[in-house]
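Novice: I'm passing along model.txt; it holds compact mmCIF, C-alpha atoms.
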# COMPACT_ATOMS: atom_id res chain seq x y z
CA MET A 8 -9.95 5.34 19.54
CA LEU A 9 -8.96 8.75 18.18
CA CYS A 10 -10.48 11.91 19.61
CA THR A 11 -13.79 12.64 17.83
CA HIS A 12 -13.02 16.38 17.82
CA CYS A 13 -9.42 16.89 16.69
CA ARG A 14 -8.86 13.37 15.22
CA HIS A 15 -5.18 13.61 16.12
CA PHE A 16 -4.77 12.30 19.69
CA ALA A 17 -6.02 9.18 21.43
CA ALA A 18 -9.24 9.63 23.40
CA THR A 19 -9.17 9.18 27.16
CA PRO A 20 -10.24 5.72 28.41
CA GLY A 21 -14.02 5.52 28.34
CA GLY A 22 -14.36 8.89 26.62
CA SER A 23 -14.52 10.27 23.12
CA LEU A 24 -12.18 13.29 23.53
CA CYS A 25 -8.43 13.54 24.04
CA PRO A 26 -7.15 15.33 27.18
CA ASN A 27 -6.57 18.57 25.23
CA CYS A 28 -10.07 18.74 23.76
CA ALA A 29 -11.68 17.58 27.00
CA ALA A 30 -9.92 20.38 28.88
CA ALA A 31 -10.98 22.92 26.26
CA ALA A 32 -14.61 21.80 26.47
CA ALA A 33 -14.76 21.75 30.27
CA PRO A 34 -16.92 24.53 31.81
CA VAL A 35 -15.09 27.34 33.61
CA PRO A 36 -16.41 29.72 36.28
CA ALA A 37 -18.35 32.69 34.92
CA GLY A 38 -16.18 35.71 34.41
CA SER A 39 -12.96 33.71 34.35
CA HIS A 40 -12.62 34.44 30.65
CA PRO A 41 -13.82 38.01 30.14
CA ALA A 42 -13.52 37.86 26.37
CA ALA A 43 -15.95 34.96 26.24
CA GLY A 44 -18.29 35.89 29.07
CA GLY A 45 -17.16 32.94 31.13
CA LEU A 46 -17.72 30.39 28.31
CA PRO A 47 -14.94 27.95 27.46
CA VAL A 48 -12.92 28.76 24.38
CA ALA A 49 -11.26 25.97 22.38
CA PRO A 50 -7.58 26.62 21.69
CA PRO A 51 -6.82 27.77 18.14
CA LEU A 52 -5.85 25.04 15.73
CA GLY A 53 -2.39 24.90 14.23
CA ALA A 54 -1.56 24.20 10.58
CA GLY A 55 -1.89 20.46 11.11
CA GLY A 56 -5.35 20.67 12.66
CA GLY A 57 -4.23 20.34 16.29
CA PRO A 58 -3.24 22.74 19.04
CA PRO A 59 -0.33 24.95 17.92
CA GLY A 60 2.97 23.99 19.49
CA ALA A 61 1.54 20.79 20.97
CA PRO A 62 3.25 17.48 20.24
CA ALA A 63 1.74 15.52 17.36
CA PHE A 64 1.47 12.38 19.52
CA GLY A 65 2.78 11.70 22.96
CA THR A 66 6.23 13.20 23.35
CA ALA A 67 6.89 13.47 19.59
CA PRO A 68 7.35 17.07 18.39
CA LEU A 69 5.01 18.63 15.87
CA ASP A 70 7.95 19.35 13.56
CA SER A 71 9.63 16.07 12.74
CA PRO A 72 12.97 16.08 10.87
CA HIS A 73 10.89 15.52 7.71
CA GLY A 74 8.35 18.31 8.25
CA PRO A 75 5.15 18.84 10.27
CA ALA A 76 3.52 15.52 11.14
CA TRP A 77 0.03 15.00 12.53
CA LEU A 78 -1.65 11.68 13.25
CA ARG A 79 -4.42 10.69 10.84
CA SER A 80 -6.48 7.52 10.99
CA PRO A 81 -5.29 5.08 8.28
CA VAL A 82 -8.24 2.71 8.67
CA ALA A 83 -10.50 3.93 5.85
CA LEU A 84 -7.63 4.23 3.38
CA GLY A 85 -6.24 0.87 4.47
CA ASN A 86 -9.57 -0.86 3.90
CA ALA A 87 -9.97 0.83 0.51
CA THR A 88 -6.46 -0.22 -0.51
CA ALA A 89 -7.08 -3.81 0.57
CA ALA A 90 -10.34 -3.88 -1.40
CA LEU A 91 -8.63 -2.61 -4.55
CA LEU A 92 -5.86 -5.16 -4.12
CA GLY A 93 -8.63 -7.74 -4.03
CA LEU A 94 -9.77 -6.36 -7.38
CA VAL A 95 -6.22 -6.81 -8.69
CA ILE A 96 -6.35 -10.45 -7.60
CA ALA A 97 -9.69 -10.87 -9.38
CA THR A 98 -8.33 -9.43 -12.63
CA ASP A 99 -5.24 -11.63 -12.34
CA LEU A 100 -7.46 -14.71 -11.99
CA PHE A 101 -9.42 -13.61 -15.05
CA ALA A 102 -6.09 -13.16 -16.85
CA LEU A 103 -5.10 -16.69 -15.85
CA TYR A 104 -8.30 -17.99 -17.44
CA ALA A 105 -7.42 -16.05 -20.60
CA ASP A 106 -3.87 -17.45 -20.43
CA VAL A 107 -5.13 -21.03 -20.20
CA THR A 108 -7.48 -20.45 -23.13
CA MET A 109 -4.74 -18.91 -25.25
CA ARG A 110 -2.24 -21.59 -24.33
CA ASP A 111 -4.70 -24.31 -25.33
CA VAL A 112 -5.34 -22.66 -28.71
CA THR A 113 -1.66 -22.03 -29.47
CA GLY A 114 -0.85 -25.60 -28.44
CA ARG A 115 -3.39 -26.95 -30.90
CA LEU A 116 -2.08 -24.63 -33.63
CA THR A 117 1.46 -25.83 -32.92
CA ASP A 118 0.25 -29.41 -33.34
CA GLY A 119 -1.05 -28.52 -36.80
CA VAL A 120 -4.79 -28.33 -36.10
CA THR A 121 -6.63 -26.33 -38.78
CA GLY A 122 -10.18 -25.45 -39.73
CA SER A 123 -12.94 -23.00 -38.91
CA GLY A 124 -13.26 -24.32 -35.35
CA ILE A 125 -9.71 -23.45 -34.36
CA GLU A 126 -10.09 -20.06 -36.03
CA ARG A 127 -13.13 -19.27 -33.88
CA ASP A 128 -11.30 -20.46 -30.78
CA ALA A 129 -8.30 -18.31 -31.69
CA ASP A 130 -10.49 -15.22 -32.10
CA HIS A 131 -12.16 -15.94 -28.76
CA ALA A 132 -8.77 -16.39 -27.08
CA ASP A 133 -7.53 -13.09 -28.54
CA SER A 134 -10.62 -11.27 -27.25
CA LEU A 135 -10.23 -12.76 -23.77
CA TYR A 136 -6.53 -11.93 -23.69
CA LEU A 137 -7.14 -8.32 -24.70
CA ALA A 138 -9.95 -7.87 -22.18
CA ALA A 139 -7.85 -9.37 -19.40
CA GLY A 140 -4.95 -7.04 -20.20
CA VAL A 141 -7.19 -3.96 -20.12
CA ALA A 142 -8.78 -5.08 -16.83
CA GLN A 143 -5.38 -5.67 -15.24
CA VAL A 144 -4.05 -2.26 -16.25
CA ALA A 145 -7.19 -0.44 -15.03
CA ALA A 146 -7.17 -2.26 -11.68
CA LEU A 147 -3.45 -1.69 -11.22
CA LEU A 148 -3.68 2.05 -11.90
CA ALA A 149 -6.61 2.56 -9.53
CA THR A 150 -4.92 0.50 -6.83
CA ALA A 151 -1.59 2.27 -7.23
CA VAL A 152 -3.16 5.70 -6.65
CA VAL A 153 -4.97 4.67 -3.46
CA PHE A 154 -2.03 2.59 -2.23
CA LEU A 155 0.35 5.55 -2.56
CA VAL A 156 -2.04 7.82 -0.65
CA TRP A 157 -2.31 5.19 2.10
CA PHE A 158 1.45 4.65 2.08
CA ARG A 159 2.16 8.37 2.55
CA ARG A 160 -0.37 8.61 5.36
CA ALA A 161 1.20 5.60 7.06
CA ARG A 162 4.63 7.23 6.68
CA VAL A 163 3.52 10.54 8.24
CA ASN A 164 1.83 8.66 11.09
CA ALA A 165 5.06 6.75 11.62
CA GLU A 166 6.95 10.06 11.89
CA VAL A 167 4.57 11.01 14.70
CA PHE A 168 5.26 7.73 16.47
CA ASP A 169 9.04 7.92 15.91
CA PRO A 170 10.31 11.16 14.31
CA HIS A 171 13.92 9.98 14.06
CA GLY A 172 13.46 6.39 12.91
CA HIS A 173 13.39 6.99 9.16
CA ARG A 174 16.37 6.65 6.85
CA LYS A 175 14.77 8.40 3.85
CA GLY A 176 12.93 11.69 3.42
CA ARG A 177 9.15 11.75 3.19
CA GLY A 178 9.22 12.45 -0.55
CA TRP A 179 10.76 9.04 -1.20
CA ALA A 180 7.48 7.46 -0.06
CA GLY A 181 5.99 8.71 -3.34
CA TRP A 182 8.46 9.08 -6.16
CA GLY A 183 10.78 6.42 -4.73
CA TRP A 184 8.47 3.88 -6.39
CA PHE A 185 9.13 5.33 -9.84
CA VAL A 186 12.88 5.98 -9.94
CA PRO A 187 14.50 3.19 -11.97
CA VAL A 188 16.82 0.77 -10.16
CA VAL A 189 16.45 2.34 -6.70
CA ASN A 190 12.75 1.43 -6.74
CA LEU A 191 13.90 -2.17 -6.29
CA TRP A 192 14.77 -1.53 -2.63
CA ILE A 193 13.91 2.02 -1.45
CA PRO A 194 10.13 1.42 -0.98
CA ARG A 195 10.89 -1.68 1.08
CA ARG A 196 13.31 0.28 3.26
CA ILE A 197 10.67 2.95 3.85
CA MET A 198 8.07 0.28 4.65
CA VAL A 199 10.40 -1.35 7.18
CA ASP A 200 10.97 1.99 8.91
CA ILE A 201 7.21 2.62 9.01
CA TRP A 202 6.68 -0.92 10.30
CA ASP A 203 9.19 -0.51 13.14
CA ALA A 204 7.89 2.92 14.17
CA SER A 205 4.28 1.70 14.15
CA SER A 206 4.73 -1.40 16.29
CA PRO A 207 2.39 -1.13 19.28
CA TRP A 208 4.27 -3.87 21.11
CA PRO A 209 7.58 -3.66 23.00
CA GLY A 210 10.53 -4.00 20.66
CA ARG A 211 10.35 -4.08 16.89
CA ALA A 212 7.89 -6.13 14.90
CA GLY A 213 9.36 -8.84 12.71
CA HIS A 214 9.87 -8.10 9.01
CA GLY A 215 9.02 -11.56 7.66
CA LEU A 216 5.70 -10.52 6.13
CA VAL A 217 7.18 -7.39 4.55
CA ASN A 218 10.14 -9.30 3.14
CA CYS A 219 7.93 -12.04 1.71
CA TRP A 220 5.63 -9.49 0.06
CA TRP A 221 8.55 -7.53 -1.40
CA THR A 222 10.20 -10.69 -2.76
CA PHE A 223 7.05 -11.73 -4.60
CA TRP A 224 6.52 -8.15 -5.83
CA ILE A 225 10.02 -8.04 -7.38
CA VAL A 226 9.67 -11.50 -8.93
CA ALA A 227 6.28 -10.54 -10.38
CA LEU A 228 7.71 -7.29 -11.73
CA PHE A 229 10.46 -9.01 -13.70
CA ALA A 230 8.25 -11.94 -14.71
CA LYS A 231 5.68 -9.54 -16.19
CA ARG A 232 8.31 -7.69 -18.16
CA GLY A 233 9.79 -10.94 -19.45
CA GLY A 234 6.42 -12.44 -20.38
CA SER A 235 5.18 -9.28 -22.11
CA SER A 236 8.42 -8.94 -24.07
CA ALA A 237 8.31 -12.60 -25.17
CA TYR A 238 4.66 -12.25 -26.22
CA ARG A 239 5.36 -9.15 -28.33
CA ARG A 240 8.29 -10.85 -30.09
CA ALA A 241 6.43 -14.08 -30.81
CA ASP A 242 5.74 -14.68 -34.53
CA THR A 243 4.70 -18.34 -34.60
CA ALA A 244 2.18 -20.41 -32.69
CA ALA A 245 4.98 -22.26 -30.92
CA GLU A 246 6.58 -19.01 -29.78
CA LEU A 247 3.21 -17.71 -28.61
CA HIS A 248 2.66 -20.95 -26.71
CA ARG A 249 5.94 -20.54 -24.82
CA ALA A 250 5.35 -16.80 -24.23
CA VAL A 251 1.90 -17.41 -22.76
CA GLY A 252 3.48 -19.89 -20.37
CA GLN A 253 5.75 -17.09 -19.11
CA VAL A 254 2.78 -14.75 -18.77
CA MET A 255 0.90 -17.39 -16.78
CA PHE A 256 3.79 -17.67 -14.35
CA ALA A 257 3.83 -13.87 -13.95
CA ASP A 258 0.08 -13.78 -13.25
CA VAL A 259 0.35 -16.54 -10.64
CA VAL A 260 3.16 -14.71 -8.84
CA ASP A 261 1.22 -11.46 -9.08
CA VAL A 262 -1.76 -13.08 -7.33
CA ALA A 263 0.55 -14.12 -4.49
CA ALA A 264 2.16 -10.66 -4.33
CA ALA A 265 -1.23 -8.93 -4.22
CA ALA A 266 -2.50 -11.29 -1.50
CA LEU A 267 0.60 -10.61 0.57
CA ALA A 268 0.15 -6.87 -0.05
CA VAL A 269 -3.37 -7.13 1.40
CA ALA A 270 -1.90 -8.77 4.51
CA VAL A 271 0.78 -6.04 4.81
CA VAL A 272 -1.72 -3.20 4.40
CA LEU A 273 -4.21 -4.60 6.90
CA ARG A 274 -1.50 -5.53 9.41
CA LEU A 275 0.21 -2.12 9.30
CA THR A 276 -3.14 -0.31 9.44
CA ARG A 277 -4.10 -2.34 12.51
CA MET A 278 -0.72 -1.68 14.13
CA GLN A 279 -1.07 2.08 13.70
CA ASP A 280 -4.65 2.02 14.95
CA LEU A 281 -3.61 0.05 18.04
CA LYS A 282 -0.68 2.36 18.69
CA ALA A 283 -2.98 5.40 18.49
CA ARG A 284 -5.44 3.76 20.89
CA GLN A 285 -2.67 3.22 23.42
CA GLY A 286 -2.44 6.97 23.87
CA PRO A 287 0.64 9.15 24.40
CA ALA A 288 3.68 7.42 25.82
CA PRO A 289 4.45 8.33 29.45
CA ALA A 290 7.04 11.03 29.94
CA GLY A 291 10.58 9.69 29.75
CA VAL A 292 9.63 6.67 27.67
If you convert what's in this file into structure tokens, what do you get?
Specialist:
Amino acid sequence: MLCTHCRHFAATPGGSLCPNCAAAAAPVPAGSHPAAGGLPVAPPLGAGGGPPGAPAFGTAPLDSPHGPAWLRSPVALGNATAALLGLVIATDLFALYADVTMRDVTGRLTDGVTGSGIERDADHADSLYLAAGVAQVAALLATAVVFLVWFRRARVNAEVFDPHGHRKGRGWAGWGWFVPVVNLWIPRRIMVDIWDASSPWPGRAGHGLVNCWWTFWIVALFAKRGGSSAYRRADTAAELHRAVGQVMFADVVDVAAAALAVAVVLRLTRMQDLKARQGPAPAGV
């Protein structure tokens, strides 16, 4: 558990304060601090919210090679990110229902079915498809914002745990997702470094979960682009039928990628929380 006062260091076993805050709150003999009339005075806080000049966590320096780094609990942000990823999964499932409806209609049109009934079904399919697309975009944008905030917090925490274990600067944790081409591998590299630094167990944690998530994310990314492009170019019912099949594949992969992302977020959040609870590493470790 983190200290309930400074929220930066692990609390002492059985207590709610870290050693620094506990020492600051301990009573001192009257007159021992003339400026305070014998009352204890908490040390002034530094720019990061903790004691100035004190290590951010254990033996790690306050100033990491990437800038000042203070430990912050990732639990609330991690839970919020996981919940929003669940919303992404829900919108993808709704999109799959719209895909199936559209594929059925376009298949019947390809087979030559005509009449007022198929026209009503086509209008209904168009409405579902449009609604699903809007829902997916809205869920993705909301999730991306919260995910990036969580990702940056996890990165800064990881710098506290291991200041020298990161191959890219802190800024890459944000805009590295948006730079064309390099965004196909840079975010994964940053995640792996965070993962290794945050492991609360001896040695490095395995990367299987991260690699599986990233693989599905990349496949979904290209599948979405291919399906959307095919759908925009389609002029006939047969072409629409084939394009919707591609979109369905992209939505299925996206469900898997989002589910794996939930697992990654919750696992990394738990790892960082456990590592914080372990307290500062002994000197020389």
Novice: Distance table requested - range 133-156 of chain A against range 92-108 of chain A, cut-off 9 Å, only C-alpha atoms: one row per qualifying residue with the closest atom pair and its distance in Å to one decimal, ordered by chain and rising residue number, as JSON lines.
Specialist:
{"residue": "A:Asp133", "atom": "CA", "partner": "A:Ala105", "partner_atom": "CA", "distance": 8.5}
{"residue": "A:Ser134", "atom": "CA", "partner": "A:Ala105", "partner_atom": "CA", "distance": 8.8}
{"residue": "A:Leu135", "atom": "CA", "partner": "A:Ala105", "partner_atom": "CA", "distance": 5.4}
{"residue": "A:Tyr136", "atom": "CA", "partner": "A:Ala105", "partner_atom": "CA", "distance": 5.2}
{"residue": "A:Leu137", "atom": "CA", "partner": "A:Ala105", "partner_atom": "CA", "distance": 8.8}
{"residue": "A:Ala138", "atom": "CA", "partner": "A:Ala102", "partner_atom": "CA", "distance": 8.4}
{"residue": "A:Ala139", "atom": "CA", "partner": "A:Ala102", "partner_atom": "CA", "distance": 4.9}
{"residue": "A:Gly140", "atom": "CA", "partner": "A:Ala102", "partner_atom": "CA", "distance": 7.1}
{"residue": "A:Ala142", "atom": "CA", "partner": "A:Thr98", "partner_atom": "CA", "distance": 6.1}
{"residue": "A:Gln143", "atom": "CA", "partner": "A:Thr98", "partner_atom": "CA", "distance": 5.4}
{"residue": "A:Ala146", "atom": "CA", "partner": "A:Val95", "partner_atom": "CA", "distance": 5.5}
{"residue": "A:Leu147", "atom": "CA", "partner": "A:Val95", "partner_atom": "CA", "distance": 6.3}
{"residue": "A:Thr150", "atom": "CA", "partner": "A:Leu92", "partner_atom": "CA", "distance": 6.3}
{"residue": "A:Phe154", "atom": "CA", "partner": "A:Leu92", "partner_atom": "CA", "distance": 8.8}
Novice: Closest to Gly181 in chain A among A:Phe168, A:Ile193, A:Arg79, A:Leu155, using all atoms listed in the file?
Specialist: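 Looking only at the distances to Gly181 in chain A, the closest residue turns out to be A:Leu155.
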Novice: Calculated over only C-alpha atoms, which of the candidates A:Val141, A:Ala83, A:Ala264, A:Val186 has the smallest distance to Trp221 in chain A?
Specialist: A:Ala264
Novice: Just want the 8 Å neighbourhood of Leu116 in chain A, counted on all atoms listed in the file, with same-chain residues fewer than 3 positions away dropped. Output as an MDAnalysis selection string.
Specialist: chainID A and resid 112:113 119:121 125 244:245
Novice: Just want the 9 Å neighbourhood of range 224-233 of chain A, counted on all atoms listed in the file, with same-chain residues fewer than 3 positions away dropped. Output as a list in words.
Specialist: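 Within the cut-off, the hits are Leu191, Cys219, Trp220, Trp221, Ser236, Ala237, Tyr238, Ala250, Gln253, Val254, Phe256, Ala257, Asp258, Val259, Val260, Asp261, Val262, Ala263, Ala264, Ala265 and Ala268 of chain A.
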Novice: Would you list the contacts of Ala165 in chain A as a list in words, taking every protein, DNA or RNA residue within 9 Å and counting all atoms listed in the file, but skipping same-chain residues closer than 6 positions in sequence?
Specialist: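 What passes the distance filter is Ala76, Leu78, Gly172, His173, Asp200, Ile201, Trp202, Asp203, Ala204, Ser205 and Gln279 of chain A.
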Novice: Between A:Gly74, A:Met198, A:Val251, A:Ser80, which has the minimum distance to Arg239 in chain A (counting all atoms listed in the file)?
Specialist: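 Among A:Gly74, A:Met198, A:Val251, A:Ser80, it is A:Val251 that comes nearest to Arg239 in chain A.
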Novice: Rounded to one decimal place, report the CA of Phe223 in chain A-CA of Gly210 in chain A distance in Å.
Specialist: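 CA of Phe223 in chain A sits 26.6 Å away from CA of Gly210 in chain A.
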Novice: Nearest to Pro170 in chain A among A:Trp157, A:Leu273, A:Ala283, A:His73, with distances taken over all atoms listed in the file: which residue is it?
Specialist: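 Under the stated criterion, the closest residue is A:His73.
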Novice: If I take CA of Ala270 in chain A and CA of Thr88 in chain A, how far is one from the other in Å, to one decimal?
Specialist: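 Distance between the two atoms: 10.9 Å.
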Novice: Between A:Pro72, A:Asp130, A:Arg110, A:Ala149, which has the minimum distance to Lys175 in chain A (counting only C-alpha atoms)?
Specialist: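 Of A:Pro72, A:Asp130, A:Arg110, A:Ala149, the one nearest Lys175 in chain A is A:Pro72, counting only C-alpha atoms.
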Novice: Excluding Trp184 in chain A and its own-chain neighbours fewer than 5 positions away, which residues fall within 8 Å of it when counting all atoms listed in the file? Please give them as a VMD selection string.
Specialist: chain A and resid 179 190 193 to 194
Novice: Report the distance between CA of Pro209 in chain A and CA of Met278 in chain A in Å, rounded to one decimal place.
Specialist: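 Taking CA of Pro209 in chain A as the start and CA of Met278 in chain A as the end point, the length is 12.3 Å.
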Novice: Which is closer to His248 in chain A than all the others in A:Gly234, A:Gly85, A:Gly114, A:Pro75, using only C-alpha atoms?
Specialist: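 Nearest candidate to His248 in chain A out of A:Gly234, A:Gly85, A:Gly114, A:Pro75: A:Gly114.
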